[in-house]
file input04.cif (mmCIF, C-alpha atoms)
data_model
loop_
_atom_site.label_atom_id
_atom_site.label_comp_id
_atom_site.auth_asym_id
_atom_site.auth_seq_id
_atom_site.Cartn_x
_atom_site.Cartn_y
_atom_site.Cartn_z
CA LEU F 222 0.00 0.00 0.00
CA ILE F 223 2.76 2.43 0.96
CA VAL F 224 4.65 1.64 -2.25
CA GLY F 225 1.50 2.28 -4.25
CA LEU F 226 0.98 5.63 -2.55
CA VAL F 227 4.58 6.63 -3.23
CA VAL F 228 4.29 5.65 -6.90
CA SER F 229 0.98 7.49 -7.21
CA ARG F 230 2.48 10.58 -5.63
CA MET F 231 5.50 10.46 -7.93
CA GLN F 232 3.25 10.11 -10.97
CA ARG F 233 1.14 13.05 -9.82
CA GLN F 234 4.25 15.20 -9.28
CA ARG F 235 5.55 14.24 -12.71
CA ALA F 236 2.23 15.16 -14.28
CA GLU F 237 2.21 18.49 -12.44
CA ARG F 238 5.73 19.26 -13.67
CA GLN F 239 4.73 18.42 -17.23
CA LEU F 240 1.66 20.67 -16.99
CA ALA F 241 3.74 23.48 -15.53
CA GLN F 242 6.27 23.16 -18.35
CA GLN F 243 3.51 23.05 -20.93
CA LEU F 244 2.04 26.25 -19.48
CA ARG F 245 5.45 27.96 -19.61
CA VAL F 246 5.90 26.90 -23.24
CA GLU F 247 2.41 28.07 -24.21
CA THR F 248 2.92 31.41 -22.46
CA LEU F 249 6.25 31.91 -24.22
CA LEU F 250 4.75 31.02 -27.60
CA ALA F 251 1.98 33.56 -27.12
CA GLU F 252 4.49 36.26 -26.20
CA LEU F 253 6.75 35.46 -29.15
CA SER F 254 3.84 35.41 -31.59
CA ALA F 255 2.64 38.82 -30.41
CA ARG F 256 6.14 40.28 -30.68
CA PHE F 257 6.83 38.97 -34.19
CA VAL F 258 3.50 40.15 -35.60
CA HIS F 259 4.43 43.82 -35.18
CA VAL F 260 8.23 43.73 -35.26
CA PRO F 261 9.75 46.01 -37.94
CA ALA F 262 11.75 44.24 -40.66
CA SER F 263 14.95 45.90 -39.40
CA GLN F 264 14.56 44.25 -35.96
CA ILE F 265 13.73 40.71 -37.06
CA GLU F 266 17.34 39.50 -36.71
CA SER F 267 17.64 40.50 -33.05
CA GLU F 268 14.16 39.18 -32.28
CA ILE F 269 15.08 35.77 -33.69
CA GLN F 270 18.18 35.54 -31.54
CA ASP F 271 16.20 36.64 -28.49
CA ALA F 272 13.52 34.04 -29.24
CA GLN F 273 16.12 31.27 -29.53
CA ARG F 274 17.60 32.22 -26.17
CA HIS F 275 14.22 32.35 -24.42
CA ILE F 276 13.10 28.99 -25.78
CA CYS F 277 16.35 27.34 -24.73
CA GLU F 278 15.98 28.76 -21.23
CA VAL F 279 12.32 27.77 -20.80
CA CYS F 280 12.75 24.26 -22.28
CA ASP F 281 16.17 23.61 -20.70
CA LEU F 282 17.94 23.26 -24.07
CA ASP F 283 21.58 23.74 -24.97
CA ARG F 284 21.49 24.96 -28.54
CA SER F 285 19.24 26.44 -31.21
CA THR F 286 20.22 26.98 -34.84
CA LEU F 287 18.44 28.58 -37.78
CA TRP F 288 19.27 27.78 -41.40
CA GLN F 289 18.13 29.54 -44.55
CA LEU F 290 18.23 29.00 -48.30
CA PRO F 291 19.63 32.29 -49.66
CA GLU F 292 17.64 33.68 -52.58
CA ASP F 293 20.88 34.37 -54.46
CA ASP F 294 22.30 30.89 -53.73
CA PRO F 295 19.39 28.41 -53.36
CA GLY F 296 21.72 25.43 -53.62
CA THR F 297 22.93 25.90 -50.05
CA LEU F 298 21.32 25.91 -46.60
CA HIS F 299 23.36 28.39 -44.59
CA LEU F 300 23.54 28.70 -40.83
CA THR F 301 22.39 32.27 -40.12
CA HIS F 302 21.47 32.28 -36.40
CA ILE F 303 22.74 30.27 -33.45
CA HIS F 304 22.28 30.32 -29.70
CA THR F 305 24.68 28.10 -27.80
CA PRO F 306 26.29 28.18 -24.36
CA PRO F 307 29.91 29.32 -24.02
CA GLY F 308 32.61 26.66 -24.17
CA THR F 309 30.98 24.58 -26.90
CA SER F 310 32.75 23.67 -30.13
CA PRO F 311 32.82 26.62 -32.57
CA VAL F 312 31.07 26.22 -35.89
CA PRO F 313 32.51 27.14 -39.31
CA ALA F 314 31.92 30.68 -40.56
CA ARG F 315 29.98 29.34 -43.58
CA MET F 316 28.21 26.13 -42.65
CA ASP F 317 26.02 24.43 -45.27
CA ALA F 318 23.53 22.01 -43.72
CA ARG F 319 23.54 19.93 -46.91
CA ASP F 320 27.17 19.00 -46.20
CA PHE F 321 26.77 18.32 -42.49
CA PHE F 322 23.19 16.96 -42.24
CA PRO F 323 22.32 15.52 -45.68
CA TRP F 324 19.81 12.97 -44.36
CA SER F 325 18.01 15.50 -42.17
CA VAL F 326 17.98 18.14 -44.91
CA GLN F 327 16.26 15.77 -47.34
CA LYS F 328 13.44 15.29 -44.85
CA LEU F 329 13.21 19.00 -44.02
CA LEU F 330 12.94 20.01 -47.66
CA ARG F 331 10.00 17.61 -47.96
CA GLY F 332 8.34 19.50 -45.11
CA GLU F 333 9.00 16.81 -42.47
CA THR F 334 9.98 17.45 -38.84
CA VAL F 335 12.99 15.44 -37.64
CA VAL F 336 12.67 14.33 -34.00
CA LEU F 337 15.63 12.54 -32.42
CA SER F 338 15.37 11.45 -28.78
CA THR F 339 18.59 9.47 -29.13
CA LEU F 340 21.27 9.27 -31.82
CA ALA F 341 20.76 5.51 -31.84
CA ALA F 342 17.50 6.17 -33.71
CA LEU F 343 19.39 7.40 -36.78
CA PRO F 344 19.33 4.97 -39.74
CA PRO F 345 22.54 3.77 -41.46
CA GLU F 346 22.07 6.28 -44.31
CA ALA F 347 22.36 9.12 -41.77
CA ALA F 348 26.02 8.34 -41.02
CA ARG F 349 27.16 11.85 -41.99
CA ASP F 350 24.50 13.43 -39.74
CA LEU F 351 25.60 11.17 -36.87
CA GLU F 352 29.23 12.23 -37.36
CA THR F 353 28.25 15.92 -37.16
CA PHE F 354 26.04 15.43 -34.11
CA ARG F 355 28.90 13.72 -32.27
CA ARG F 356 31.43 16.36 -33.34
CA TYR F 357 29.36 19.12 -31.74
CA GLY F 358 28.22 17.11 -28.73
CA THR F 359 24.56 16.83 -29.72
CA THR F 360 22.76 13.95 -28.03
CA ALA F 361 19.12 14.70 -28.96
CA ALA F 362 17.54 17.24 -31.32
CA VAL F 363 14.47 18.45 -33.19
CA PHE F 364 14.62 20.01 -36.68
CA VAL F 365 11.56 21.89 -37.96
CA PRO F 366 11.23 23.21 -41.53
CA LEU F 367 10.67 26.91 -42.19
CA SER F 368 8.14 27.44 -44.94
CA ALA F 369 5.97 30.11 -46.54
CA GLU F 370 3.29 29.46 -49.15
CA GLU F 371 4.16 25.74 -49.04
CA THR F 372 7.78 26.43 -49.99
CA VAL F 373 10.52 25.35 -47.56
CA PHE F 374 13.28 27.94 -47.34
CA GLY F 375 15.02 27.01 -44.09
CA ALA F 376 15.03 25.07 -40.84
CA LEU F 377 14.98 25.73 -37.11
CA SER F 378 16.59 23.27 -34.69
CA PHE F 379 16.74 22.74 -30.94
CA ALA F 380 19.20 20.38 -29.26
CA VAL F 381 20.63 19.13 -25.98
CA THR F 382 24.15 17.94 -25.21
CA ARG F 383 23.46 16.23 -21.85
CA GLY F 384 22.09 12.84 -22.74
CA GLU F 385 18.93 11.56 -24.38
CA ARG F 386 15.75 13.62 -24.32
CA VAL F 387 12.14 12.57 -24.78
CA TRP F 388 10.32 15.27 -26.76
CA PRO F 389 6.65 15.50 -25.67
CA GLU F 390 4.20 16.25 -28.46
CA HIS F 391 3.25 19.61 -26.97
CA VAL F 392 6.93 20.65 -27.06
CA VAL F 393 7.38 19.56 -30.69
CA SER F 394 4.12 21.34 -31.59
CA GLY F 395 5.47 24.41 -29.84
CA PHE F 396 8.67 24.25 -31.90
CA ARG F 397 6.55 24.03 -35.07
CA MET F 398 4.59 27.09 -34.03
CA VAL F 399 7.76 29.07 -33.31
CA ALA F 400 9.16 28.00 -36.67
CA GLN F 401 6.02 29.21 -38.45
CA VAL F 402 6.06 32.55 -36.62
CA ILE F 403 9.72 33.09 -37.53
CA ALA F 404 9.14 31.89 -41.10
CA ASN F 405 6.34 34.43 -41.52
CA ALA F 406 8.56 37.21 -40.20
CA LEU F 407 11.43 36.22 -42.51
CA ALA F 408 9.07 35.96 -45.48
CA ARG F 409 7.74 39.43 -44.68
CA ARG F 410 11.28 40.79 -44.52
CA ARG F 411 12.12 39.20 -47.87
CA ALA F 412 9.00 40.73 -49.37
CA ASP F 413 9.89 44.12 -47.90
CA GLN F 414 13.39 43.86 -49.33
CA ALA F 415 12.04 42.84 -52.72
CA LEU F 416 9.69 45.84 -52.63
CA ARG F 417 12.54 48.19 -51.71
CA ASP F 418 14.68 46.77 -54.48
CA SER F 419 11.83 47.18 -56.94
CA GLN F 420 11.20 50.74 -55.80
CA ALA F 421 14.91 51.50 -56.09
CA ARG F 422 14.95 50.24 -59.68
CA LEU F 423 11.81 52.20 -60.52
CA THR F 424 13.24 55.30 -58.88
CA LEU F 425 16.42 55.00 -60.91
CA ALA F 426 14.40 54.67 -64.10
CA ALA F 427 12.20 57.58 -63.07
CA VAL F 428 15.20 59.82 -62.33
CA SER F 429 16.64 58.98 -65.73
CA ALA F 430 13.37 60.06 -67.35
CA ASP F 431 12.95 63.09 -65.03
CA ALA F 432 9.74 61.51 -63.70
CA ARG F 433 8.37 61.17 -60.17
CA LEU F 434 6.61 57.98 -59.05
CA TRP F 435 3.78 57.97 -56.52
CA GLU F 436 1.18 55.69 -54.93
CA VAL F 437 -2.10 56.55 -53.20
CA GLU F 438 -3.91 54.20 -50.79
CA ALA F 439 -7.68 54.51 -51.22
CA ASP F 440 -8.86 53.83 -47.66
CA SER F 441 -6.35 55.93 -45.74
CA GLY F 442 -5.42 58.51 -48.33
CA ARG F 443 -1.76 57.88 -47.55
CA VAL F 444 0.68 58.78 -50.31
CA TRP F 445 4.08 57.35 -51.15
CA MET F 446 6.43 59.11 -53.54
CA THR F 447 10.08 58.86 -54.50
CA ASP F 448 12.75 60.75 -52.61
CA GLU F 449 13.16 63.05 -55.60
CA GLY F 450 9.48 63.95 -55.41
CA ARG F 451 9.74 64.70 -51.70
CA ALA F 452 12.82 66.85 -52.25
CA PHE F 453 10.99 68.77 -54.99
CA PHE F 454 8.30 69.79 -52.49
CA GLY F 455 10.75 70.35 -49.63
CA LEU F 456 9.49 67.35 -47.64
CA THR F 457 11.57 65.30 -45.22
CA PRO F 458 12.07 61.56 -46.01
CA ASP F 459 10.04 60.47 -42.97
CA GLU F 460 7.15 62.94 -43.21
CA VAL F 461 3.78 61.22 -43.46
CA LEU F 462 2.09 62.19 -46.71
CA THR F 463 -1.66 62.35 -47.33
CA LEU F 464 -3.76 63.45 -50.28
CA ASP F 465 -4.64 66.65 -48.43
CA ARG F 466 -0.94 67.41 -47.88
CA VAL F 467 -0.16 66.85 -51.55
CA ALA F 468 -3.20 68.91 -52.56
CA SER F 469 -1.77 71.86 -50.66
CA PHE F 470 0.99 72.07 -53.30
CA ILE F 471 -1.46 72.11 -56.23
CA HIS F 472 -2.21 75.55 -57.68
CA PRO F 473 -5.54 76.79 -56.23
CA GLU F 474 -7.05 77.09 -59.72
CA ASP F 475 -6.22 73.43 -60.53
CA ARG F 476 -6.77 71.85 -57.11
CA GLU F 477 -10.42 70.84 -57.38
CA ALA F 478 -9.97 69.29 -60.86
CA TRP F 479 -6.96 67.37 -59.56
CA ARG F 480 -8.93 66.06 -56.57
CA GLN F 481 -11.83 65.03 -58.81
CA ASN F 482 -9.55 63.08 -61.16
CA VAL F 483 -7.87 61.22 -58.31
CA ARG F 484 -11.20 60.44 -56.64
CA GLU F 485 -12.75 59.09 -59.85
CA ALA F 486 -9.71 56.94 -60.60
CA LEU F 487 -9.78 55.36 -57.12
CA GLU F 488 -13.53 54.68 -57.31
CA SER F 489 -13.78 53.46 -60.90
CA GLY F 490 -10.43 51.78 -61.43
CA GLN F 491 -10.05 53.74 -64.66
CA ALA F 492 -6.82 55.41 -65.72
CA VAL F 493 -6.19 58.99 -64.67
CA HIS F 494 -4.56 61.65 -66.88
CA VAL F 495 -4.45 65.21 -65.62
CA GLU F 496 -2.39 68.35 -66.18
CA PHE F 497 -1.95 70.78 -63.31
CA ARG F 498 0.32 73.35 -61.80
CA VAL F 499 2.20 72.99 -58.53
CA VAL F 500 3.51 75.78 -56.34
CA ARG F 501 6.89 75.01 -54.82
CA PRO F 502 7.92 76.23 -51.36
CA ASP F 503 9.94 79.03 -52.99
CA GLY F 504 6.82 80.28 -54.80
CA SER F 505 7.84 79.11 -58.27
CA VAL F 506 5.18 77.43 -60.41
CA ARG F 507 5.74 74.27 -62.48
CA TRP F 508 3.44 72.35 -64.81
CA PHE F 509 3.03 68.59 -64.43
CA VAL F 510 1.24 65.78 -66.23
CA SER F 511 0.21 62.82 -64.04
CA GLN F 512 -0.88 59.43 -65.30
CA GLY F 513 -1.92 56.49 -63.15
CA ARG F 514 -4.21 53.51 -62.75
CA SER F 515 -5.94 51.94 -59.77
CA HIS F 516 -5.35 48.30 -58.88
CA ILE F 517 -6.54 45.91 -56.17
CA ARG F 518 -4.02 43.71 -54.40
CA ARG F 519 -4.63 39.99 -54.14
CA ASP F 520 -4.09 40.00 -50.38
CA GLY F 521 -7.31 41.96 -49.83
CA GLU F 522 -5.71 45.31 -49.03
CA SER F 523 -7.43 48.52 -50.12
CA PRO F 524 -7.15 49.64 -53.76
CA ARG F 525 -4.08 51.65 -54.71
CA LEU F 526 -3.58 54.28 -57.37
CA LEU F 527 -0.13 53.99 -58.93
CA GLY F 528 1.24 56.59 -61.26
CA VAL F 529 3.97 58.87 -62.51
CA SER F 530 4.25 62.65 -62.78
CA ILE F 531 6.38 64.37 -65.41
CA ASP F 532 7.47 67.99 -65.38
CA VAL F 533 6.18 69.57 -68.62
CA THR F 534 6.92 73.21 -67.75
CA ASP F 535 9.20 73.74 -70.75
CA ARG F 536 6.60 72.34 -73.11
CA LYS F 537 3.84 74.55 -71.64
CA ARG F 538 6.07 77.60 -71.91
CA SER F 539 6.75 76.81 -75.55
CA GLU F 540 3.03 76.36 -76.20
CA ASN F 541 2.23 79.68 -74.52
CA ALA F 542 4.98 81.44 -76.42
CA LEU F 543 3.61 80.08 -79.70
CA LYS F 544 0.08 81.21 -78.83
CA ASN F 545 1.28 84.69 -77.96
CA SER F 546 3.20 84.97 -81.22
CA GLU F 547 0.05 84.12 -83.19
CA GLN F 548 -2.01 86.83 -81.55
#
call {"tool": "encode", "arguments": {"input": "input04.cif", "output": "structure tokens"}}
result
Amino acid sequence: LIVGLVVSRMQRQRAERQLAQQLRVETLLAELSARFVHVPASQIESEIQDAQRHICEVCDLDRSTLWQLPEDDPGTLHLTHIHTPPGTSPVPARMDARDFFPWSVQKLLRGETVVLSTLAALPPEAARDLETFRRYGTTAAVFVPLSAEETVFGALSFAVTRGERVWPEHVVSGFRMVAQVIANALARRRADQALRDSQARLTLAAVSADARLWEVEADSGRVWMTDEGRAFFGLTPDEVLTLDRVASFIHPEDREAWRQNVREALESGQAVHVEFRVVRPDGSVRWFVSQGRSHIRRDGESPRLLGVSIDVTDRKRSENALKNSEQ
């Protein structure tokens, strides 16, 4: 009877510890998810490293690594982030997971999670993986693929170096959730970088043609324009632009027609073509022609009016001079 009570008590204590750990993991996951949703692209790197450290502390882990397929070199899976305690074996500056974990990488690229409670579970074809695990003191590990839109572009791993480790399902599920949160953040950063690169190329082309690109968001009335356009109006790079702010630069005699054209283009989706005068901060007046077209993004965001404005002051002056000469 006494033995039974002792066993029952031990089982209850074990269950309580598991529930407490599960609660800590769930709380951490909620905090990480909330942080990554709003983190600026420029801070994603530091947030990833902080997340790796927190997870290792809460789950009593020794190492976390993050690997990515570079867009400019998709044939490699580079180690980009690592959290590991001091005194462990250093890793190479450029470490390709395909060379060190070929068996695991094959599974990850198929979207599979690799769960190893003991290295003895590795099959004979994973000899290279086993060699790497032993070199860096890994005794148990979990590898989770990073994916966006069903495309795997990296992996996140967690490991211990102090003997075998049983990975409860709630812990593995937690790792998958963290991997998805980080994958979404990295995908957003890649998209932001692609957009900046695209805008930079468009800006270069616009500068070459003496044109100024702009974009208007229908719901908010927010306006984006190239740095050259901002400089033309004496605006700072970080000043928030709205349609009303831009309208303040339009010549009073042309302002209402300009507003009407923009409004109709946003509502109808038709192209806009309008000539108007702008008054610069120094009081000088320039003529512009703006052309644009509204489009709706596939992600459900509000319609946007994209266009270009070209300075036609010289042409208008020539036209006026010709008219005056004919009178």
call {"tool": "axis_aligned_box", "arguments": {"input": "input04.cif", "around": "range 463-470 of chain F", "padding_each_side": "5 Å", "output": "lines of an AutoDock Vina configuration file"}}
result
center_x = -1.8
center_y = 67.2
center_z = -50.3
size_x = 15.6
size_y = 19.7
size_z = 16.0
call {"tool": "closest_residue", "arguments": {"input": "input04.cif", "among": "F:Trp445, F:Phe379, F:Phe322, F:Phe374", "to": "Glu460 in chain F", "atoms": "all atoms listed in the file"}}
result
F:Trp445
call {"tool": "resolve_selection", "arguments": {"input": "input04.cif", "expression": "the PyMOL selection byres ((chain F and resi 493-510) around 9)", "output": "PyMOL selection string"}}
result
chain F and resi 453-455+469-476+478-479+482-483+485-486+490-492+511-515+528-537
call {"tool": "write_last_selection", "arguments": {"input": "input04.cif", "atoms": "C-alpha atoms", "output": "PDB file, keeping the file's coordinate frame"}}
result
ATOM      1  CA  PHE F 453      10.990  68.770 -54.990  1.00  0.00           C
ATOM      2  CA  PHE F 454       8.300  69.790 -52.490  1.00  0.00           C
ATOM      3  CA  GLY F 455      10.750  70.350 -49.630  1.00  0.00           C
ATOM      4  CA  SER F 469      -1.770  71.860 -50.660  1.00  0.00           C
ATOM      5  CA  PHE F 470       0.990  72.070 -53.300  1.00  0.00           C
ATOM      6  CA  ILE F 471      -1.460  72.110 -56.230  1.00  0.00           C
ATOM      7  CA  HIS F 472      -2.210  75.550 -57.680  1.00  0.00           C
ATOM      8  CA  PRO F 473      -5.540  76.790 -56.230  1.00  0.00           C
ATOM      9  CA  GLU F 474      -7.050  77.090 -59.720  1.00  0.00           C
ATOM     10  CA  ASP F 475      -6.220  73.430 -60.530  1.00  0.00           C
ATOM     11  CA  ARG F 476      -6.770  71.850 -57.110  1.00  0.00           C
ATOM     12  CA  ALA F 478      -9.970  69.290 -60.860  1.00  0.00           C
ATOM     13  CA  TRP F 479      -6.960  67.370 -59.560  1.00  0.00           C
ATOM     14  CA  ASN F 482      -9.550  63.080 -61.160  1.00  0.00           C
ATOM     15  CA  VAL F 483      -7.870  61.220 -58.310  1.00  0.00           C
ATOM     16  CA  GLU F 485     -12.750  59.090 -59.850  1.00  0.00           C
ATOM     17  CA  ALA F 486      -9.710  56.940 -60.600  1.00  0.00           C
ATOM     18  CA  GLY F 490     -10.430  51.780 -61.430  1.00  0.00           C
ATOM     19  CA  GLN F 491     -10.050  53.740 -64.660  1.00  0.00           C
ATOM     20  CA  ALA F 492      -6.820  55.410 -65.720  1.00  0.00           C
ATOM     21  CA  SER F 511       0.210  62.820 -64.040  1.00  0.00           C
ATOM     22  CA  GLN F 512      -0.880  59.430 -65.300  1.00  0.00           C
ATOM     23  CA  GLY F 513      -1.920  56.490 -63.150  1.00  0.00           C
ATOM     24  CA  ARG F 514      -4.210  53.510 -62.750  1.00  0.00           C
ATOM     25  CA  SER F 515      -5.940  51.940 -59.770  1.00  0.00           C
ATOM     26  CA  GLY F 528       1.240  56.590 -61.260  1.00  0.00           C
ATOM     27  CA  VAL F 529       3.970  58.870 -62.510  1.00  0.00           C
ATOM     28  CA  SER F 530       4.250  62.650 -62.780  1.00  0.00           C
ATOM     29  CA  ILE F 531       6.380  64.370 -65.410  1.00  0.00           C
ATOM     30  CA  ASP F 532       7.470  67.990 -65.380  1.00  0.00           C
ATOM     31  CA  VAL F 533       6.180  69.570 -68.620  1.00  0.00           C
ATOM     32  CA  THR F 534       6.920  73.210 -67.750  1.00  0.00           C
ATOM     33  CA  ASP F 535       9.200  73.740 -70.750  1.00  0.00           C
ATOM     34  CA  ARG F 536       6.600  72.340 -73.110  1.00  0.00           C
ATOM     35  CA  LYS F 537       3.840  74.550 -71.640  1.00  0.00           C
TER      36      LYS F 537
END
call {"tool": "resolve_selection", "arguments": {"input": "input04.cif", "expression": "the PyMOL selection byres ((chain F and resi 277) around 12)", "output": "ChimeraX atom specification"}}
result
/F:246,249,270-276,278-286,303-306,378-381,392,396
call {"tool": "write_last_selection", "arguments": {"input": "input04.cif", "atoms": "C-alpha atoms", "output": "PDB file, keeping the file's coordinate frame"}}
result
ATOM      1  CA  VAL F 246       5.900  26.900 -23.240  1.00  0.00           C
ATOM      2  CA  LEU F 249       6.250  31.910 -24.220  1.00  0.00           C
ATOM      3  CA  GLN F 270      18.180  35.540 -31.540  1.00  0.00           C
ATOM      4  CA  ASP F 271      16.200  36.640 -28.490  1.00  0.00           C
ATOM      5  CA  ALA F 272      13.520  34.040 -29.240  1.00  0.00           C
ATOM      6  CA  GLN F 273      16.120  31.270 -29.530  1.00  0.00           C
ATOM      7  CA  ARG F 274      17.600  32.220 -26.170  1.00  0.00           C
ATOM      8  CA  HIS F 275      14.220  32.350 -24.420  1.00  0.00           C
ATOM      9  CA  ILE F 276      13.100  28.990 -25.780  1.00  0.00           C
ATOM     10  CA  GLU F 278      15.980  28.760 -21.230  1.00  0.00           C
ATOM     11  CA  VAL F 279      12.320  27.770 -20.800  1.00  0.00           C
ATOM     12  CA  CYS F 280      12.750  24.260 -22.280  1.00  0.00           C
ATOM     13  CA  ASP F 281      16.170  23.610 -20.700  1.00  0.00           C
ATOM     14  CA  LEU F 282      17.940  23.260 -24.070  1.00  0.00           C
ATOM     15  CA  ASP F 283      21.580  23.740 -24.970  1.00  0.00           C
ATOM     16  CA  ARG F 284      21.490  24.960 -28.540  1.00  0.00           C
ATOM     17  CA  SER F 285      19.240  26.440 -31.210  1.00  0.00           C
ATOM     18  CA  THR F 286      20.220  26.980 -34.840  1.00  0.00           C
ATOM     19  CA  ILE F 303      22.740  30.270 -33.450  1.00  0.00           C
ATOM     20  CA  HIS F 304      22.280  30.320 -29.700  1.00  0.00           C
ATOM     21  CA  THR F 305      24.680  28.100 -27.800  1.00  0.00           C
ATOM     22  CA  PRO F 306      26.290  28.180 -24.360  1.00  0.00           C
ATOM     23  CA  SER F 378      16.590  23.270 -34.690  1.00  0.00           C
ATOM     24  CA  PHE F 379      16.740  22.740 -30.940  1.00  0.00           C
ATOM     25  CA  ALA F 380      19.200  20.380 -29.260  1.00  0.00           C
ATOM     26  CA  VAL F 381      20.630  19.130 -25.980  1.00  0.00           C
ATOM     27  CA  VAL F 392       6.930  20.650 -27.060  1.00  0.00           C
ATOM     28  CA  PHE F 396       8.670  24.250 -31.900  1.00  0.00           C
TER      29      PHE F 396
END
call {"tool": "closest_residue", "arguments": {"input": "input04.cif", "among": "F:Asp465, F:Val335, F:Glu292, F:Gly375", "to": "Arg319 in chain F", "atoms": "all atoms listed in the file"}}
result
F:Gly375
call {"tool": "residues_around", "arguments": {"input": "input04.cif", "residues": "Pro366 in chain F", "least_positions_apart": "2", "cutoff": "6 Å", "atoms": "all atoms listed in the file", "output": "list in words"}}
result
Leu329, Gly332, Gly375 and Ala376 of chain F
call {"tool": "atom_distance", "arguments": {"input": "input04.cif", "atom1": "CA of Leu300 in chain F", "atom2": "CA of Ala348 in chain F"}}
result
20.5 Å
call {"tool": "resolve_selection", "arguments": {"input": "input04.cif", "expression": "the PyMOL selection byres ((chain F and resi 442) around 12)", "output": "PyMOL selection string"}}
result
chain F and resi 436-441+443-445+461-468+480+483-484+487+523-526
call {"tool": "atom_distance", "arguments": {"input": "input04.cif", "atom1": "CA of Glu346 in chain F", "atom2": "CA of Gln327 in chain F"}}
result
11.5 Å
call {"tool": "atom_distance", "arguments": {"input": "input04.cif", "atom1": "CA of Leu527 in chain F", "atom2": "CA of Glu540 in chain F"}}
result
28.4 Å
call {"tool": "residues_near_point", "arguments": {"input": "input04.cif", "point": "(16.9, 21.5, -54.9)", "cutoff": "10 Å", "atoms": "only C-alpha atoms", "output": "PyMOL selection string"}}
result
chain F and resi 295-297+327+330
call {"tool": "closest_residue", "arguments": {"input": "input04.cif", "among": "F:Arg409, F:Arg356, F:Arg538, F:Arg433", "to": "Pro261 in chain F", "atoms": "only C-alpha atoms"}}
result
F:Arg409
call {"tool": "decode", "arguments": {"input": "input04.cif", "residues": "range 281-285 of chain F", "atoms": "all heavy atoms", "output": "compact mmCIF listing (two decimals), in the first residue's frame"}}
result
# COMPACT_ATOMS: atom_id res chain seq x y z
N ASP F 281 14.93 24.23 -21.19
CA ASP F 281 16.17 23.61 -20.70
C ASP F 281 16.94 22.96 -21.86
O ASP F 281 17.29 21.77 -21.81
CB ASP F 281 15.86 22.57 -19.62
CG ASP F 281 17.14 22.09 -18.91
OD1 ASP F 281 18.11 22.86 -18.87
OD2 ASP F 281 17.14 20.94 -18.42
N LEU F 282 17.22 23.73 -22.90
CA LEU F 282 17.94 23.26 -24.07
C LEU F 282 19.33 23.88 -24.12
O LEU F 282 19.60 24.89 -23.46
CB LEU F 282 17.17 23.62 -25.35
CG LEU F 282 15.69 23.20 -25.39
CD1 LEU F 282 15.02 23.74 -26.64
CD2 LEU F 282 15.58 21.68 -25.33
N ASP F 283 20.20 23.28 -24.91
CA ASP F 283 21.58 23.74 -24.97
C ASP F 283 21.92 24.51 -26.25
O ASP F 283 22.91 25.25 -26.28
CB ASP F 283 22.54 22.54 -24.87
CG ASP F 283 22.39 21.81 -23.55
OD1 ASP F 283 22.29 22.49 -22.52
OD2 ASP F 283 22.35 20.56 -23.56
N ARG F 284 21.12 24.32 -27.28
CA ARG F 284 21.49 24.96 -28.54
C ARG F 284 20.26 25.12 -29.44
O ARG F 284 19.37 24.28 -29.44
CB ARG F 284 22.54 24.12 -29.28
CG ARG F 284 23.04 24.75 -30.58
CD ARG F 284 24.00 23.82 -31.33
NE ARG F 284 25.17 23.50 -30.54
CZ ARG F 284 25.50 22.27 -30.16
NH1 ARG F 284 24.75 21.24 -30.52
NH2 ARG F 284 26.58 22.06 -29.44
N SER F 285 20.27 26.23 -30.19
CA SER F 285 19.24 26.44 -31.21
C SER F 285 19.92 27.04 -32.43
O SER F 285 20.71 27.97 -32.32
CB SER F 285 18.15 27.40 -30.71
OG SER F 285 17.23 27.68 -31.77
